[in-house]
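Student: Next comes my_file_1.tsv, TSV, C-alpha atoms:
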```
chain	number	residue	atom	x	y	z
A	1	MET	CA	9.03	34.63	-16.27
A	2	ASN	CA	6.46	33.74	-13.63
A	3	THR	CA	7.16	30.94	-11.16
A	4	PRO	CA	4.35	29.35	-9.15
A	5	LEU	CA	4.32	29.95	-5.41
A	6	ILE	CA	4.91	26.87	-3.30
A	7	ARG	CA	3.22	28.49	-0.29
A	8	ARG	CA	1.16	31.52	0.37
A	9	PRO	CA	2.81	34.41	2.21
A	10	ASP	CA	2.03	34.70	5.91
A	11	SER	CA	-0.57	37.28	6.81
A	12	ASN	CA	-1.37	38.58	10.30
A	13	GLY	CA	0.87	35.99	11.95
A	14	ALA	CA	-1.05	33.03	10.46
A	15	SER	CA	0.85	29.84	9.84
A	16	ALA	CA	1.96	28.84	6.36
A	17	GLU	CA	-0.45	26.68	4.46
A	18	ALA	CA	0.21	24.03	1.82
A	19	VAL	CA	-0.94	24.93	-1.69
A	20	PRO	CA	-0.50	23.23	-5.06
A	21	ALA	CA	2.71	24.19	-6.89
A	22	VAL	CA	0.77	24.76	-10.10
A	23	PRO	CA	-2.62	26.39	-10.44
A	24	ALA	CA	-5.41	23.83	-10.20
A	25	ALA	CA	-7.14	23.02	-13.46
A	26	ALA	CA	-10.85	22.36	-13.66
A	27	GLY	CA	-11.55	19.10	-11.83
A	28	ALA	CA	-8.07	18.90	-10.32
A	29	ALA	CA	-8.90	20.65	-7.04
A	30	ASP	CA	-8.33	17.47	-5.05
A	31	GLU	CA	-4.65	17.17	-5.97
A	32	TYR	CA	-2.22	16.47	-3.17
A	33	PRO	CA	-0.59	19.75	-2.05
A	34	LEU	CA	3.13	20.07	-1.57
A	35	PRO	CA	4.34	20.38	2.04
A	36	ALA	CA	4.75	24.01	3.00
A	37	THR	CA	7.69	23.54	5.37
A	38	TRP	CA	10.83	21.46	5.68
A	39	ARG	CA	9.25	19.75	8.68
A	40	GLY	CA	6.44	18.54	6.44
A	41	VAL	CA	8.94	17.27	3.90
A	42	GLY	CA	10.87	15.56	6.72
A	43	ALA	CA	7.72	13.90	8.05
A	44	GLN	CA	6.89	12.59	4.58
A	45	ALA	CA	10.45	11.36	4.04
A	46	ALA	CA	10.41	9.60	7.41
A	47	ALA	CA	7.09	7.95	6.52
A	48	ALA	CA	8.47	6.81	3.16
A	49	LEU	CA	11.65	5.40	4.75
A	50	GLY	CA	9.55	3.68	7.42
A	51	MET	CA	7.42	2.14	4.70
A	52	LEU	CA	10.56	0.87	2.94
A	53	ALA	CA	11.86	-0.59	6.22
A	54	GLY	CA	8.53	-2.36	6.69
A	55	LEU	CA	8.71	-3.79	3.19
A	56	TRP	CA	12.23	-5.05	3.91
A	57	VAL	CA	11.06	-6.77	7.09
A	58	ALA	CA	8.13	-8.35	5.23
A	59	LEU	CA	10.28	-9.58	2.34
A	60	SER	CA	13.40	-10.53	4.32
A	61	PRO	CA	12.37	-14.18	4.86
A	62	TRP	CA	12.88	-14.74	1.13
A	63	PHE	CA	16.38	-13.24	1.16
A	64	ILE	CA	17.95	-14.30	4.47
A	65	THR	CA	17.64	-17.29	6.78
A	66	LEU	CA	15.59	-16.32	9.80
A	67	GLN	CA	15.10	-19.60	11.59
A	68	HIS	CA	16.80	-22.99	11.44
A	69	ALA	CA	13.55	-24.92	12.02
A	70	GLY	CA	9.90	-23.86	12.05
A	71	GLY	CA	8.22	-21.01	10.25
A	72	ASN	CA	7.04	-18.71	13.01
A	73	ALA	CA	9.84	-16.17	12.39
A	74	ALA	CA	8.85	-15.79	8.73
A	75	ALA	CA	5.19	-15.31	9.71
A	76	VAL	CA	6.09	-12.74	12.38
A	77	ASN	CA	8.28	-10.81	9.95
A	78	LEU	CA	5.63	-10.87	7.23
A	79	ILE	CA	2.87	-9.62	9.53
A	80	SER	CA	5.05	-7.04	11.30
A	81	GLY	CA	6.54	-5.77	8.03
A	82	LEU	CA	3.17	-5.36	6.37
A	83	ALA	CA	1.85	-3.54	9.45
A	84	VAL	CA	4.83	-1.14	9.37
A	85	ALA	CA	4.41	-0.58	5.62
A	86	ALA	CA	0.69	0.14	6.14
A	87	VAL	CA	1.51	2.68	8.87
A	88	GLY	CA	3.99	4.38	6.51
A	89	ALA	CA	1.45	4.39	3.67
A	90	PHE	CA	-1.23	5.95	5.88
A	91	ALA	CA	1.23	8.58	7.09
A	92	LEU	CA	2.13	9.39	3.47
A	93	ALA	CA	-1.54	9.60	2.46
A	94	GLY	CA	-2.18	12.57	4.75
A	95	PRO	CA	-0.55	15.97	4.36
A	96	ARG	CA	0.41	16.00	8.05
A	97	GLY	CA	2.29	13.51	10.17
A	98	PHE	CA	-0.04	11.49	12.35
A	99	ALA	CA	1.37	11.23	15.87
A	100	GLY	CA	-0.64	8.08	16.62
A	101	LEU	CA	0.68	6.34	13.50
A	102	GLN	CA	4.26	7.27	14.31
A	103	SER	CA	3.84	6.02	17.89
A	104	GLY	CA	2.54	2.75	16.45
A	105	SER	CA	5.56	2.57	14.16
A	106	ALA	CA	7.87	3.06	17.14
A	107	LEU	CA	6.09	0.25	19.01
A	108	LEU	CA	6.44	-2.02	15.99
A	109	GLY	CA	10.15	-1.14	15.92
A	110	VAL	CA	10.47	-2.19	19.56
A	111	TRP	CA	8.60	-5.42	18.73
A	112	LEU	CA	11.06	-6.17	15.92
A	113	ILE	CA	13.95	-5.83	18.33
A	114	ILE	CA	12.47	-8.09	21.02
A	115	ALA	CA	10.76	-10.61	18.69
A	116	GLY	CA	13.95	-12.60	18.07
A	117	PRO	CA	14.65	-13.51	21.70
A	118	ILE	CA	10.96	-14.30	22.27
A	119	LEU	CA	10.77	-16.58	19.22
A	120	ASN	CA	14.08	-18.22	20.12
A	121	HIS	CA	12.44	-20.16	22.96
A	122	LYS	CA	10.60	-22.51	20.59
A	123	HIS	CA	13.00	-22.82	17.62
A	124	PRO	CA	16.57	-21.49	17.24
A	125	ILE	CA	16.75	-18.13	15.48
A	126	ALA	CA	19.53	-17.39	12.99
A	127	ASP	CA	21.91	-14.50	13.68
A	128	SER	CA	20.80	-12.87	10.43
A	129	MET	CA	17.29	-12.40	11.88
A	130	TYR	CA	18.67	-10.75	15.00
A	131	TRP	CA	20.74	-8.32	12.94
A	132	SER	CA	18.15	-7.60	10.26
A	133	ASN	CA	15.26	-7.06	12.68
A	134	SER	CA	17.36	-5.10	15.17
A	135	TRP	CA	18.55	-2.70	12.48
A	136	ALA	CA	15.06	-2.35	10.99
A	137	GLY	CA	13.56	-1.81	14.46
A	138	GLY	CA	16.20	0.79	15.32
A	139	VAL	CA	15.57	2.62	12.04
A	140	LEU	CA	11.82	2.60	12.69
A	141	ILE	CA	12.26	3.95	16.21
A	142	ALA	CA	14.60	6.72	14.98
A	143	LEU	CA	12.27	7.67	12.12
A	144	ALA	CA	9.24	7.68	14.41
A	145	ALA	CA	11.08	9.87	16.93
A	146	ALA	CA	12.07	12.30	14.17
A	147	SER	CA	8.51	12.41	12.83
A	148	LEU	CA	7.04	12.92	16.30
A	149	ALA	CA	9.50	15.74	16.89
A	150	ALA	CA	8.51	17.35	13.58
A	151	VAL	CA	4.82	17.07	14.46
A	152	ALA	CA	5.42	18.47	17.95
A	153	LEU	CA	7.40	21.42	16.60
A	154	ARG	CA	4.70	22.18	14.06
A	155	ARG	CA	1.91	22.52	16.64
A	156	PRO	CA	1.69	25.69	18.71
A	157	ALA	CA	2.03	25.36	22.47
A	158	ARG	CA	-1.26	25.19	24.37
A	159	ARG	CA	-1.83	27.64	27.18
```
Can you turn what I pasted into structure tokens?
Tutor:
Amino acid sequence: MNTPLIRRPDSNGASAEAVPAVPAAAGAADEYPLPATWRGVGAQAAAALGMLAGLWVALSPWFITLQHAGGNAAAVNLISGLAVAAVGAFALAGPRGFAGLQSGSALLGVWLIIAGPILNHKHPIADSMYWSNSWAGGVLIALAAASLAAVALRRPARR
């Protein structure tokens, strides 16, 4: 029984390279290859979880009370959440983690944490917004840090 190789064996000290799990059929050469390492899988999982956190932030105004008066908190959450989801989608679209995208995701996580006190000056913010955005921002920062660490470990040191 033959099983397809997930990655090609290393030769002459070269790094592992991602290859399709099944042989490519005619016209299917542009299929998305499986990640060759656990770091690649981790970077993709972090991007997917970041995208889910962004979708939660974008949709949270319909599930929890964010602000007692005014609508600026709902607009901020919608825009920030869609931006985070877009960053996660772009990171998933590529076979490698993009350090710039993950840095942007970390900055958006910081924004989610500090947005509540900033918005509170005009209209009172509900406690549920503080908790929801703080947790989502913390998750985004942790995922971005893990993805950046995976990208940094994957690259060889420059001399």
Student: Show me, as AutoDock Vina command-line options, the centre and edge lengths in Å to one decimal of the axis-aligned box that covers every listed atom of range 38-52 of chain A with 4 Å on each side.
Tutor:
```
--center_x 9.0 --center_y 11.2 --center_z 5.8 --size_x 13.2 --size_y 28.6 --size_z 13.7
```
Student: Within 9 Å of Ala146 in chain A, counting all atoms listed in the file, which residues show up once you throw out same-chain ones fewer than 5 positions away? Write them as a list in words, please.
Tutor: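 In the requested form, the answer reads Gly42, Ala43, Ala46, Ile141 and Val151 of chain A.
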Student: Filtering to C-alpha atoms, could you give me those residues as a PDB file, keeping the file's coordinate frame?
Tutor:
```pdb
ATOM      1  CA  GLY A  42      10.870  15.560   6.720  1.00  0.00           C
ATOM      2  CA  ALA A  43       7.720  13.900   8.050  1.00  0.00           C
ATOM      3  CA  ALA A  46      10.410   9.600   7.410  1.00  0.00           C
ATOM      4  CA  ILE A 141      12.260   3.950  16.210  1.00  0.00           C
ATOM      5  CA  VAL A 151       4.820  17.070  14.460  1.00  0.00           C
TER       6      VAL A 151
END
```
Student: Taking the point (4.6, -7.4, 5.4) as given in the file, collect each protein or nucleic acid residue that comes within 8 Å of it, counting all atoms listed in the file, and present the set as a ChimeraX atom specification.
Tutor: /A:54-55,57-59,77-85
Student: With 6 Å as the threshold, what does the neighbourhood of (5.1, 3.1, 5.6) contain in terms of residues, counting all atoms listed in the file? Coordinates are those of the file; answer as a list of chain:residue names.
Tutor: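 All residues meeting the 6 Å criterion around (5.1, 3.1, 5.6) are A:Ala47, A:Ala48, A:Gly50, A:Met51, A:Val84, A:Ala85, A:Ala86, A:Val87, A:Gly88, A:Ala89.
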Student: Which distance in Å separates CA of Trp135 in chain A and CA of Gly100 in chain A, to one decimal?
Tutor: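 Interatomic distance, CA of Trp135 in chain A to CA of Gly100 in chain A: 22.4 Å.
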Student: Using all atoms listed in the file for the distances, tell me which of A:Leu66, A:Val76, A:Leu49, A:Ala149 is nearest to Trp131 in chain A.
Tutor: A:Leu66
Student: So the first atom is CA of Phe63 in chain A and the second is CA of Ile118 in chain A; what is the distance between them in Å, to one decimal place?
Tutor: 21.8 Å
Student: What is the CA of Lys122 in chain A-CA of Thr65 in chain A distance in Å, reported with one decimal?
Tutor: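 So the answer is 16.4 Å.
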Student: When you count only C-alpha atoms, which of these residues is closest to Met129 in chain A: A:Ala73, A:Leu143, A:Gly109, A:Trp56?
Tutor: A:Ala73
Student: Given all atoms listed in the file as the basis, pick out the residue of A:Leu140, A:Ala150, A:Ala69, A:Ala126 nearest to Leu52 in chain A.
Tutor: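 Counting all atoms listed in the file, the residue closest to Leu52 in chain A is A:Leu140.
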